[in-house]
>>> print(open('input_4.txt').read())   # compact mmCIF, C-alpha atoms
# COMPACT_ATOMS: atom_id res chain seq x y z
CA MET A 1 3.66 80.04 -84.55
CA HIS A 2 7.45 80.28 -84.62
CA GLU A 3 7.26 84.08 -85.08
CA MET A 4 6.69 84.37 -81.32
CA SER A 5 10.03 82.77 -80.42
CA ILE A 6 11.78 84.56 -83.31
CA THR A 7 10.49 87.88 -81.97
CA GLN A 8 11.48 86.96 -78.43
CA SER A 9 15.01 86.35 -79.76
CA VAL A 10 14.99 89.85 -81.27
CA VAL A 11 13.84 91.48 -78.01
CA ASP A 12 16.32 89.44 -75.93
CA ALA A 13 19.26 90.27 -78.24
CA ILE A 14 18.49 94.00 -78.07
CA VAL A 15 17.98 94.10 -74.30
CA THR A 16 21.15 92.06 -73.75
CA ARG A 17 23.22 94.47 -75.81
CA LEU A 18 21.62 97.80 -74.89
CA GLY A 19 20.43 97.23 -71.34
CA ASP A 20 17.60 99.57 -70.35
CA ALA A 21 18.31 102.26 -72.99
CA THR A 22 15.00 103.45 -74.49
CA VAL A 23 14.58 101.96 -77.95
CA LYS A 24 12.78 104.19 -80.46
CA SER A 25 12.87 101.90 -83.49
CA VAL A 26 14.17 98.57 -84.70
CA ARG A 27 15.10 97.70 -88.27
CA LEU A 28 14.96 94.05 -89.27
CA GLU A 29 15.88 92.30 -92.46
CA ILE A 30 13.47 89.44 -93.17
CA GLY A 31 14.33 87.76 -96.47
CA ARG A 32 11.45 86.61 -98.67
CA LEU A 33 12.68 83.02 -98.32
CA SER A 34 13.26 83.14 -94.56
CA GLY A 35 10.06 81.35 -93.60
CA VAL A 36 9.00 84.18 -91.32
CA VAL A 37 5.79 86.16 -91.92
CA PRO A 38 6.41 89.90 -91.31
CA ASP A 39 2.79 90.57 -90.27
CA SER A 40 2.89 87.83 -87.61
CA LEU A 41 6.20 89.21 -86.40
CA ARG A 42 4.70 92.72 -86.06
CA PHE A 43 1.87 91.33 -83.98
CA CYS A 44 4.30 89.47 -81.71
CA PHE A 45 6.58 92.51 -81.47
CA ASP A 46 3.87 94.71 -79.96
CA VAL A 47 2.93 92.00 -77.47
CA LEU A 48 6.49 91.12 -76.41
CA CYS A 49 7.79 94.70 -76.15
CA THR A 50 5.23 95.66 -73.53
CA GLY A 51 6.94 96.34 -70.22
CA THR A 52 10.44 96.34 -71.75
CA SER A 53 12.77 99.15 -72.88
CA LEU A 54 11.34 98.52 -76.39
CA GLU A 55 7.77 99.42 -75.47
CA GLY A 56 6.29 101.71 -78.14
CA ALA A 57 9.26 101.25 -80.49
CA ARG A 58 8.58 101.41 -84.23
CA LEU A 59 9.35 98.28 -86.20
CA ASP A 60 10.76 98.68 -89.72
CA ILE A 61 11.09 95.54 -91.80
CA ASP A 62 13.09 95.29 -95.01
CA GLU A 63 12.20 92.27 -97.13
CA PRO A 64 15.10 91.56 -99.47
CA PRO A 65 14.11 89.36 -102.43
CA GLY A 66 15.58 85.93 -103.10
CA ARG A 67 18.51 85.42 -105.47
CA ALA A 68 19.97 82.19 -106.74
CA ARG A 69 22.79 80.93 -108.93
CA CYS A 70 22.70 77.94 -111.24
CA ARG A 71 25.58 75.56 -110.61
CA ASP A 72 25.28 74.22 -114.17
CA CYS A 73 25.11 77.33 -116.38
CA GLY A 74 26.30 79.94 -113.85
CA ALA A 75 23.32 82.27 -114.40
CA GLU A 76 22.12 84.40 -111.48
CA PHE A 77 18.39 85.07 -111.17
CA GLY A 78 15.67 86.25 -108.79
CA ILE A 79 13.42 83.79 -106.97
CA ASP A 80 10.39 84.37 -104.79
CA ASP A 81 9.67 80.80 -103.67
CA PHE A 82 11.41 77.50 -103.05
CA ILE A 83 10.79 76.06 -106.50
CA LEU A 84 14.42 76.46 -107.41
CA LEU A 85 14.59 76.16 -111.15
CA CYS A 86 17.06 77.94 -113.40
CA PRO A 87 15.71 79.34 -116.70
CA CYS A 88 18.05 76.73 -118.31
CA SER A 89 15.76 74.15 -116.55
CA SER A 90 18.45 72.89 -114.18
CA ALA A 91 17.38 72.35 -110.56
CA ASN A 92 21.01 72.35 -109.40
CA VAL A 93 20.61 75.78 -107.89
CA GLU A 94 22.25 77.54 -104.95
CA VAL A 95 20.36 80.16 -102.94
CA LEU A 96 22.49 83.31 -102.59
CA ALA A 97 20.10 85.62 -100.75
CA GLY A 98 16.61 85.89 -99.34
CA LYS A 99 16.95 83.57 -96.34
CA GLN A 100 18.40 86.21 -94.01
CA LEU A 101 16.79 86.92 -90.66
CA ARG A 102 18.80 89.77 -89.18
CA ILE A 103 18.61 92.66 -86.76
CA HIS A 104 20.00 95.44 -88.94
CA SER A 105 20.03 98.38 -86.52
CA VAL A 106 18.35 99.88 -83.48
CA GLU A 107 17.60 103.55 -82.85
CA VAL A 108 18.12 104.53 -79.22
CA ALA A 109 16.98 107.71 -77.43
CA MET B 1 2.68 127.76 -71.45
CA CYS B 2 5.90 127.03 -69.61
CA ASP B 3 5.38 125.72 -66.09
CA THR B 4 8.69 127.14 -64.89
CA CYS B 5 8.49 130.83 -65.80
CA GLY B 6 5.12 131.22 -67.57
CA CYS B 7 6.61 132.16 -70.98
CA SER B 8 5.03 131.02 -74.25
CA ASP B 9 6.78 128.13 -75.91
CA GLY B 10 6.27 129.82 -79.30
CA GLY B 11 5.63 126.51 -81.09
CA VAL B 12 9.20 125.39 -80.65
CA ARG B 13 9.54 121.64 -81.05
CA ILE B 14 12.20 119.87 -79.10
CA THR B 15 13.06 116.36 -80.18
CA ALA B 16 15.29 114.20 -78.07
CA ALA B 17 18.44 113.26 -79.96
CA THR B 18 18.58 109.63 -80.94
CA HIS B 19 21.43 107.58 -82.24
CA THR B 20 21.48 104.44 -84.28
CA VAL B 21 23.27 101.33 -83.12
CA GLU B 22 24.31 99.02 -85.97
CA PHE B 23 23.52 95.44 -84.98
CA GLU B 24 24.05 93.29 -88.08
CA GLN B 25 23.23 90.26 -85.99
CA ASP B 26 21.39 87.10 -86.98
CA VAL B 27 18.11 86.86 -85.10
CA LEU B 28 18.75 83.18 -84.40
CA ALA B 29 22.39 83.75 -83.41
CA LYS B 30 21.81 82.56 -79.84
CA ASN B 31 20.04 79.38 -80.97
CA ASP B 32 22.70 78.72 -83.61
CA GLU B 33 25.55 79.18 -81.11
CA LEU B 34 23.94 76.71 -78.76
CA ALA B 35 23.30 74.32 -81.66
CA SER B 36 27.03 74.47 -82.53
CA HIS B 37 27.85 73.68 -78.91
CA VAL B 38 25.46 70.69 -78.93
CA ARG B 39 26.89 69.49 -82.27
CA ALA B 40 30.49 69.67 -81.01
CA HIS B 41 29.54 67.88 -77.79
CA LEU B 42 27.77 65.07 -79.66
CA ARG B 43 30.65 64.66 -82.11
CA ALA B 44 33.10 64.37 -79.23
CA LEU B 45 30.92 61.57 -77.87
CA ASP B 46 30.60 59.87 -81.31
CA VAL B 47 26.84 60.31 -81.06
CA PHE B 48 24.95 60.50 -84.37
CA ALA B 49 21.95 62.79 -83.88
CA VAL B 50 18.98 62.74 -86.23
CA ASN B 51 16.27 65.42 -86.12
CA LEU B 52 13.04 63.63 -87.08
CA MET B 53 10.35 66.00 -88.30
CA SER B 54 6.85 65.44 -89.65
CA SER B 55 3.14 66.19 -89.27
CA PRO B 56 1.41 64.76 -86.21
CA GLY B 57 0.44 61.13 -86.83
CA SER B 58 2.93 60.37 -89.61
CA GLY B 59 4.32 57.39 -87.68
CA LYS B 60 7.51 58.84 -86.19
CA THR B 61 7.30 57.01 -82.89
CA THR B 62 6.38 53.67 -84.49
CA LEU B 63 9.35 54.04 -86.81
CA VAL B 64 11.69 54.88 -83.94
CA GLU B 65 10.45 51.84 -81.97
CA ARG B 66 10.99 49.55 -84.94
CA THR B 67 14.45 50.98 -85.73
CA ILE B 68 15.63 50.51 -82.13
CA ARG B 69 14.50 46.88 -82.24
CA ALA B 70 16.00 46.26 -85.71
CA LEU B 71 19.50 47.68 -85.20
CA ASP B 72 22.10 46.32 -82.82
CA LEU B 73 23.32 49.77 -81.78
CA PRO B 74 22.97 51.82 -78.60
CA PHE B 75 20.13 54.33 -78.97
CA ALA B 76 18.93 57.34 -77.02
CA VAL B 77 15.73 59.23 -77.75
CA VAL B 78 14.43 62.73 -77.07
CA GLU B 79 10.67 63.02 -77.51
CA GLY B 80 9.13 66.41 -78.24
CA ASP B 81 5.39 66.95 -77.79
CA GLN B 82 3.27 69.78 -76.49
CA GLU B 83 1.89 67.59 -73.71
CA THR B 84 1.90 64.02 -72.24
CA LEU B 85 4.53 61.34 -71.67
CA LEU B 86 2.76 58.92 -74.05
CA ASP B 87 5.55 58.67 -76.63
CA ALA B 88 8.32 58.51 -74.03
CA GLU B 89 6.54 55.58 -72.39
CA ARG B 90 6.41 53.73 -75.72
CA ILE B 91 10.15 54.27 -76.25
CA LYS B 92 10.92 53.27 -72.67
CA ALA B 93 9.35 49.87 -73.42
CA THR B 94 12.07 49.27 -76.04
CA GLY B 95 14.74 49.64 -73.34
CA ALA B 96 16.34 52.73 -74.88
CA PRO B 97 16.99 55.72 -72.59
CA VAL B 98 14.48 58.47 -73.32
CA VAL B 99 13.70 62.01 -72.21
CA GLN B 100 10.40 63.73 -72.93
CA ILE B 101 10.32 67.48 -73.62
CA ASN B 102 6.88 69.03 -73.26
CA THR B 103 6.83 72.37 -75.03
CA GLY B 104 3.45 73.47 -73.65
CA ALA B 105 2.24 76.11 -76.10
CA GLY B 106 5.47 75.80 -78.13
CA CYS B 107 5.30 74.40 -81.65
CA HIS B 108 8.92 73.28 -82.14
CA LEU B 109 12.08 72.23 -80.32
CA ASP B 110 15.03 74.61 -80.18
CA ALA B 111 18.70 74.10 -79.36
CA SER B 112 18.36 75.15 -75.72
CA MET B 113 15.62 72.54 -75.12
CA LEU B 114 17.77 69.79 -76.64
CA HIS B 115 20.79 71.02 -74.70
CA ARG B 116 18.90 70.71 -71.41
CA ALA B 117 17.45 67.34 -72.41
CA LEU B 118 20.93 65.99 -73.18
CA HIS B 119 22.13 66.92 -69.71
CA SER B 120 19.62 64.53 -68.21
CA LEU B 121 19.82 61.90 -70.98
CA SER B 122 23.63 61.52 -71.25
CA PRO B 123 23.64 59.35 -74.40
CA ALA B 124 26.23 56.55 -74.44
CA ARG B 125 29.37 56.92 -76.54
CA GLY B 126 28.78 55.72 -80.11
CA SER B 127 24.98 55.81 -79.86
CA VAL B 128 22.34 56.97 -82.31
CA LEU B 129 20.26 59.83 -80.92
CA PHE B 130 16.77 60.24 -82.36
CA VAL B 131 15.21 63.61 -81.64
CA GLU B 132 11.51 63.39 -82.36
CA ASN B 133 10.47 66.98 -82.99
CA VAL B 134 6.99 68.35 -82.28
CA GLY B 135 4.60 67.17 -85.02
CA ASN B 136 4.48 70.23 -87.29
CA LEU B 137 5.66 70.78 -90.88
CA VAL B 138 6.27 74.52 -90.42
CA CYS B 139 8.11 75.78 -87.35
CA PRO B 140 10.72 73.07 -86.62
CA ALA B 141 12.36 73.73 -90.02
CA LEU B 142 13.85 77.03 -88.83
CA PHE B 143 15.61 75.81 -85.71
CA ASP B 144 18.98 74.11 -85.85
CA LEU B 145 19.21 71.73 -82.88
CA GLY B 146 22.81 70.63 -83.43
CA GLU B 147 21.78 67.48 -85.29
CA ALA B 148 24.02 65.68 -87.79
CA ALA B 149 21.15 64.88 -90.15
CA ARG B 150 17.56 65.90 -90.77
CA VAL B 151 14.91 63.40 -91.75
CA VAL B 152 11.33 64.25 -92.71
CA ILE B 153 8.70 61.53 -92.44
CA LEU B 154 5.70 61.90 -94.76
CA SER B 155 2.89 59.37 -94.62
CA VAL B 156 1.08 58.57 -97.86
CA THR B 157 -2.30 59.56 -96.35
CA GLU B 158 -1.06 63.18 -96.26
CA GLY B 159 -0.96 63.43 -100.07
CA PRO B 160 1.85 64.05 -102.55
CA GLY B 161 1.67 67.87 -102.51
CA LYS B 162 3.29 68.41 -99.12
CA PRO B 163 6.84 69.24 -100.39
CA LEU B 164 5.38 72.16 -102.36
CA LYS B 165 3.07 73.25 -99.54
CA TYR B 166 5.79 73.15 -96.87
CA PRO B 167 8.95 73.98 -98.83
CA HIS B 168 11.01 75.16 -95.86
CA MET B 169 10.67 71.79 -94.18
CA PHE B 170 11.34 69.73 -97.30
CA SER B 171 14.15 71.92 -98.65
CA SER B 172 16.18 71.60 -95.44
CA THR B 173 16.09 67.82 -95.11
CA ASP B 174 18.68 65.18 -96.01
CA LEU B 175 16.18 62.33 -96.37
CA VAL B 176 12.44 61.87 -96.74
CA LEU B 177 10.95 58.64 -95.45
CA LEU B 178 7.67 57.95 -97.23
CA ASN B 179 5.80 56.03 -94.54
CA LYS B 180 2.66 53.84 -94.50
CA VAL B 181 3.33 52.54 -98.02
CA ASP B 182 1.34 49.43 -97.05
CA LEU B 183 -1.74 51.68 -97.50
CA LEU B 184 -0.88 52.60 -101.12
CA PRO B 185 -3.28 50.03 -102.65
CA TYR B 186 -6.18 51.77 -100.89
CA LEU B 187 -5.24 55.35 -101.80
CA ASP B 188 -4.83 57.53 -104.89
CA PHE B 189 -1.38 58.68 -103.77
CA ASP B 190 0.64 59.57 -106.89
CA LEU B 191 4.22 58.43 -106.20
CA ASP B 192 5.64 60.11 -109.31
CA ALA B 193 3.98 63.41 -108.41
CA PHE B 194 5.43 63.19 -104.89
CA ARG B 195 8.96 62.62 -106.21
CA ARG B 196 8.58 65.46 -108.75
CA ASN B 197 7.36 67.82 -106.01
CA LEU B 198 10.23 66.89 -103.71
CA THR B 199 12.82 67.33 -106.46
CA ALA B 200 11.39 70.78 -107.22
CA VAL B 201 12.23 72.04 -103.71
CA ASN B 202 15.16 69.77 -102.83
CA PRO B 203 16.92 67.96 -105.69
CA ALA B 204 19.52 66.53 -103.29
CA ALA B 205 17.10 64.80 -100.87
CA ALA B 206 17.14 61.01 -100.77
CA THR B 207 13.88 59.08 -100.30
CA ILE B 208 13.11 55.66 -98.88
CA ASP B 209 9.66 54.02 -98.98
CA VAL B 210 8.85 52.39 -95.66
CA SER B 211 6.06 50.93 -93.60
CA ALA B 212 6.83 51.25 -89.91
CA ARG B 213 3.84 48.94 -89.30
CA THR B 214 4.81 46.02 -91.59
CA GLY B 215 8.58 46.64 -91.59
CA ALA B 216 8.81 47.08 -95.37
CA GLY B 217 11.80 49.27 -96.28
CA VAL B 218 13.02 49.43 -92.68
CA ALA B 219 16.22 47.52 -93.56
CA GLU B 220 17.08 50.16 -96.16
CA TRP B 221 16.38 52.95 -93.63
CA CYS B 222 18.58 51.21 -91.03
CA GLU B 223 21.35 50.96 -93.60
CA TRP B 224 21.00 54.72 -94.24
CA VAL B 225 21.33 55.37 -90.49
CA GLU B 226 24.48 53.21 -90.20
CA THR B 227 26.09 54.58 -93.37
CA THR B 228 25.34 58.21 -92.58
CA ALA B 229 26.52 57.82 -88.99
CA ARG B 230 29.84 56.37 -90.21
CA ARG B 231 30.23 59.16 -92.76
CA THR B 232 29.37 61.91 -90.29
CA LEU B 233 31.37 60.85 -87.28
CA PRO B 234 35.16 60.96 -87.06
CA VAL B 235 36.76 57.51 -87.40
>>> encode(input="input_4.txt", output="structure tokens")
Amino acid sequence: MHEMSITQSVVDAIVTRLGDATVKSVRLEIGRLSGVVPDSLRFCFDVLCTGTSLEGARLDIDEPPGRARCRDCGAEFGIDDFILLCPCSSANVEVLAGKQLRIHSVEVA
Amino acid sequence: MCDTCGCSDGGVRITAATHTVEFEQDVLAKNDELASHVRAHLRALDVFAVNLMSSPGSGKTTLVERTIRALDLPFAVVEGDQETLLDAERIKATGAPVVQINTGAGCHLDASMLHRALHSLSPARGSVLFVENVGNLVCPALFDLGEAARVVILSVTEGPGKPLKYPHMFSSTDLVLLNKVDLLPYLDFDLDAFRRNLTAVNPAAATIDVSARTGAGVAEWCEWVETTARRTLPV
């Protein structure tokens, strides 16, 4: 389960930047095409925060949808999986959004 | 009741002031930084690194053994498995330098593991570095190791639906090696369906049919390695 090491990266990045400041909440952006399951990440978050300055922190997850652009006809459209097909039936498609895996902000006491 | 002077608190709520720190940081930033460092280091050494990913049992190690014996190039190999030195011992028998990474409970390699492995492996200038990832079609897809190319090996016994079932893995690869094609006469594997499924998630991916056991298609795969290495590395 890669969510465990992804979550560890989140905790490490926050502790590195904020030291032992008490963290009240964390807001993450997990794109629908990122390959990370928010529920698994929540489970890992509770486990990995124990004993750190993030213990008890609330986890907010935004899940931005996928967007893509067709390189042939130029149309932009929403996608929710990796079957990248433009309505014009071209598969020559570029993913514009939805793969992001970001720490948006952290609320500190 | 107040402990200090005994007054009533009157229902007053006091909330500690908080402030928000904007991060706007990629979760995998640390891994990606290290991957860039590994990539720059390998380029400076003219080492062509290939991240080999697949399910367990797809034939990665057999293919690596055969490729090392088929090509007159210096090779170095990093083996990733949860446990045992079994694969490293097989590679050692080919004469190529090899390092085994045991991830324990871990399901994938990351850039820091490869970085540490390279410090003990020290691949020769101009060599081909095969990194055999942990057998898993899910987790390795997310972690950049600093490789120059990604190759997914799919064996025909796994069925043609895998590109649709594991789109992250198949959409991030440069090449898919369809292995164990010597078994096709005994299976109902639909080659056209496989190619359609792969194109649906990754129209740019090349495919080569191989049998690491019989050697069929291995010459074409070796040519891909040589051509891609030349194209990737500075002249």
>>> closest_atom_pairs(input="input_4.txt", of="region 47-93 of chain A", to="region 97-101 of chain A", cutoff="6 Å", atoms="only C-alpha atoms", output="CSV")
residue,atom,partner,partner_atom,distance
A:Pro64,CA,A:Gly98,CA,5.9
A:Pro65,CA,A:Gly98,CA,5.3
A:Gly66,CA,A:Gly98,CA,3.9
A:Arg67,CA,A:Ala97,CA,5.0
>>> interface_residues(input="input_4.txt", of="chain B", to="chain A", cutoff="9 Å", atoms="only C-alpha atoms", output="PDB file with C-alpha atoms, keeping the file's coordinate frame")
ATOM      1  CA  ALA B  16      15.290 114.200 -78.070  1.00  0.00           C
ATOM      2  CA  ALA B  17      18.440 113.260 -79.960  1.00  0.00           C
ATOM      3  CA  THR B  18      18.580 109.630 -80.940  1.00  0.00           C
ATOM      4  CA  HIS B  19      21.430 107.580 -82.240  1.00  0.00           C
ATOM      5  CA  THR B  20      21.480 104.440 -84.280  1.00  0.00           C
ATOM      6  CA  VAL B  21      23.270 101.330 -83.120  1.00  0.00           C
ATOM      7  CA  GLU B  22      24.310  99.020 -85.970  1.00  0.00           C
ATOM      8  CA  PHE B  23      23.520  95.440 -84.980  1.00  0.00           C
ATOM      9  CA  GLU B  24      24.050  93.290 -88.080  1.00  0.00           C
ATOM     10  CA  GLN B  25      23.230  90.260 -85.990  1.00  0.00           C
ATOM     11  CA  ASP B  26      21.390  87.100 -86.980  1.00  0.00           C
ATOM     12  CA  VAL B  27      18.110  86.860 -85.100  1.00  0.00           C
ATOM     13  CA  LEU B  28      18.750  83.180 -84.400  1.00  0.00           C
ATOM     14  CA  ALA B  29      22.390  83.750 -83.410  1.00  0.00           C
ATOM     15  CA  LYS B  30      21.810  82.560 -79.840  1.00  0.00           C
ATOM     16  CA  ASN B  31      20.040  79.380 -80.970  1.00  0.00           C
ATOM     17  CA  GLY B 106       5.470  75.800 -78.130  1.00  0.00           C
ATOM     18  CA  CYS B 107       5.300  74.400 -81.650  1.00  0.00           C
ATOM     19  CA  HIS B 108       8.920  73.280 -82.140  1.00  0.00           C
ATOM     20  CA  VAL B 138       6.270  74.520 -90.420  1.00  0.00           C
ATOM     21  CA  CYS B 139       8.110  75.780 -87.350  1.00  0.00           C
ATOM     22  CA  PRO B 140      10.720  73.070 -86.620  1.00  0.00           C
ATOM     23  CA  ALA B 141      12.360  73.730 -90.020  1.00  0.00           C
ATOM     24  CA  LEU B 142      13.850  77.030 -88.830  1.00  0.00           C
ATOM     25  CA  LEU B 164       5.380  72.160-102.360  1.00  0.00           C
ATOM     26  CA  PRO B 167       8.950  73.980 -98.830  1.00  0.00           C
ATOM     27  CA  HIS B 168      11.010  75.160 -95.860  1.00  0.00           C
ATOM     28  CA  SER B 171      14.150  71.920 -98.650  1.00  0.00           C
ATOM     29  CA  ASN B 197       7.360  67.820-106.010  1.00  0.00           C
ATOM     30  CA  THR B 199      12.820  67.330-106.460  1.00  0.00           C
ATOM     31  CA  ALA B 200      11.390  70.780-107.220  1.00  0.00           C
ATOM     32  CA  VAL B 201      12.230  72.040-103.710  1.00  0.00           C
ATOM     33  CA  ASN B 202      15.160  69.770-102.830  1.00  0.00           C
ATOM     34  CA  PRO B 203      16.920  67.960-105.690  1.00  0.00           C
ATOM     35  CA  ALA B 204      19.520  66.530-103.290  1.00  0.00           C
TER      36      ALA B 204
END
>>> atom_distance(input="input_4.txt", atom1="CA of Ser127 (chain B)", atom2="CA of Asp209 (chain B)")
24.6 Å
>>> closest_residue(input="input_4.txt", among="B:Gln82, B:Ser112, B:Thr214, B:Thr227", to="Thr62 (chain B)", atoms="all atoms listed in the file")
B:Thr214
>>> atom_distance(input="input_4.txt", atom1="CA of Arg69 (chain A)", atom2="CA of Glu94 (chain A)")
5.3 Å
>>> atom_distance(input="input_4.txt", atom1="CA of Val131 (chain B)", atom2="CA of Gly159 (chain B)")
24.5 Å
>>> residues_around(input="input_4.txt", residues="Asp87 (chain B)", least_positions_apart="2", cutoff="10 Å", atoms="only C-alpha atoms", output="PDB file with C-alpha atoms, in the coordinates of the input")
ATOM      1  CA  LYS B  60       7.510  58.840 -86.190  1.00  0.00           C
ATOM      2  CA  THR B  61       7.300  57.010 -82.890  1.00  0.00           C
ATOM      3  CA  THR B  62       6.380  53.670 -84.490  1.00  0.00           C
ATOM      4  CA  GLU B  65      10.450  51.840 -81.970  1.00  0.00           C
ATOM      5  CA  VAL B  78      14.430  62.730 -77.070  1.00  0.00           C
ATOM      6  CA  GLU B  79      10.670  63.020 -77.510  1.00  0.00           C
ATOM      7  CA  GLY B  80       9.130  66.410 -78.240  1.00  0.00           C
ATOM      8  CA  ASP B  81       5.390  66.950 -77.790  1.00  0.00           C
ATOM      9  CA  THR B  84       1.900  64.020 -72.240  1.00  0.00           C
ATOM     10  CA  LEU B  85       4.530  61.340 -71.670  1.00  0.00           C
ATOM     11  CA  GLU B  89       6.540  55.580 -72.390  1.00  0.00           C
ATOM     12  CA  ARG B  90       6.410  53.730 -75.720  1.00  0.00           C
ATOM     13  CA  ILE B  91      10.150  54.270 -76.250  1.00  0.00           C
ATOM     14  CA  LYS B  92      10.920  53.270 -72.670  1.00  0.00           C
ATOM     15  CA  VAL B  98      14.480  58.470 -73.320  1.00  0.00           C
ATOM     16  CA  VAL B  99      13.700  62.010 -72.210  1.00  0.00           C
ATOM     17  CA  GLN B 100      10.400  63.730 -72.930  1.00  0.00           C
ATOM     18  CA  GLU B 132      11.510  63.390 -82.360  1.00  0.00           C
TER      19      GLU B 132
END
>>> closest_residue(input="input_4.txt", among="B:Asn51, B:Ser155, B:Thr94, B:Thr207", to="Leu175 (chain B)", atoms="only C-alpha atoms")
B:Thr207
>>> closest_residue(input="input_4.txt", among="B:Val47, B:Ala212, B:Leu137, B:Met169", to="Arg66 (chain B)", atoms="all atoms listed in the file")
B:Ala212
>>> residues_near_point(input="input_4.txt", point="(20.3, 78.6, -116.4)", cutoff="9 Å", atoms="all atoms listed in the file", output="ChimeraX atom specification")
/A:69-77,85-90,93
>>> write_last_selection(input="input_4.txt", atoms="C-alpha atoms", output="JSON list (two decimals), in the coordinates of the input")
[["chain", "number", "residue", "atom", "x", "y", "z"],
["A", 69, "ARG", "CA", 22.79, 80.93, -108.93],
["A", 70, "CYS", "CA", 22.70, 77.94, -111.24],
["A", 71, "ARG", "CA", 25.58, 75.56, -110.61],
["A", 72, "ASP", "CA", 25.28, 74.22, -114.17],
["A", 73, "CYS", "CA", 25.11, 77.33, -116.38],
["A", 74, "GLY", "CA", 26.30, 79.94, -113.85],
["A", 75, "ALA", "CA", 23.32, 82.27, -114.40],
["A", 76, "GLU", "CA", 22.12, 84.40, -111.48],
["A", 77, "PHE", "CA", 18.39, 85.07, -111.17],
["A", 85, "LEU", "CA", 14.59, 76.16, -111.15],
["A", 86, "CYS", "CA", 17.06, 77.94, -113.40],
["A", 87, "PRO", "CA", 15.71, 79.34, -116.70],
["A", 88, "CYS", "CA", 18.05, 76.73, -118.31],
["A", 89, "SER", "CA", 15.76, 74.15, -116.55],
["A", 90, "SER", "CA", 18.45, 72.89, -114.18],
["A", 93, "VAL", "CA", 20.61, 75.78, -107.89]]
>>> axis_aligned_box(input="input_4.txt", around="region 64-71 of chain A", padding_each_side="5 Å", output="AutoDock Vina command-line options")
--center_x 19.8 --center_y 83.6 --center_z -105.4 --size_x 21.5 --size_y 26.0 --size_z 21.8
>>> residues_around(input="input_4.txt", residues="Leu129 (chain B)", least_positions_apart="6", cutoff="6 Å", atoms="only C-alpha atoms", output="list in words")
Phe48, Ala49, Phe75, Ala76 and Val77 of chain B
>>> residues_near_point(input="input_4.txt", point="(8.6, 101.4, -77.6)", cutoff="10 Å", atoms="only C-alpha atoms", output="list in words")
Thr22, Val23, Lys24, Ser25, Val26, Phe45, Asp46, Cys49, Thr50, Gly51, Thr52, Ser53, Leu54, Glu55, Gly56, Ala57, Arg58 and Leu59 of chain A
>>> closest_atom_pairs(input="input_4.txt", of="region 124-215 of chain B", to="region 39-45 of chain B", cutoff="10 Å", atoms="all atoms listed in the file", output="JSON lines")
{"residue": "B:Ala124", "atom": "CA", "partner": "B:Leu45", "partner_atom": "CA", "distance": 7.7}
{"residue": "B:Arg125", "atom": "CA", "partner": "B:Leu45", "partner_atom": "CA", "distance": 5.1}
{"residue": "B:Gly126", "atom": "CA", "partner": "B:Leu45", "partner_atom": "CA", "distance": 6.6}
{"residue": "B:Ser127", "atom": "CA", "partner": "B:Leu45", "partner_atom": "CA", "distance": 8.5}
{"residue": "B:Leu129", "atom": "CA", "partner": "B:Leu42", "partner_atom": "CA", "distance": 9.2}
{"residue": "B:Asp144", "atom": "CA", "partner": "B:Arg39", "partner_atom": "CA", "distance": 9.8}
{"residue": "B:Leu145", "atom": "CA", "partner": "B:Arg39", "partner_atom": "CA", "distance": 8.0}
{"residue": "B:Gly146", "atom": "CA", "partner": "B:Arg39", "partner_atom": "CA", "distance": 4.4}
{"residue": "B:Glu147", "atom": "CA", "partner": "B:Arg39", "partner_atom": "CA", "distance": 6.3}
{"residue": "B:Ala148", "atom": "CA", "partner": "B:Arg39", "partner_atom": "CA", "distance": 7.3}
>>> residues_around(input="input_4.txt", residues="Trp221 (chain B)", least_positions_apart="5", cutoff="9 Å", atoms="only C-alpha atoms", output="list of chain:residue names")
B:Thr67, B:Leu177, B:Ile208, B:Asp209, B:Val210, B:Glu226
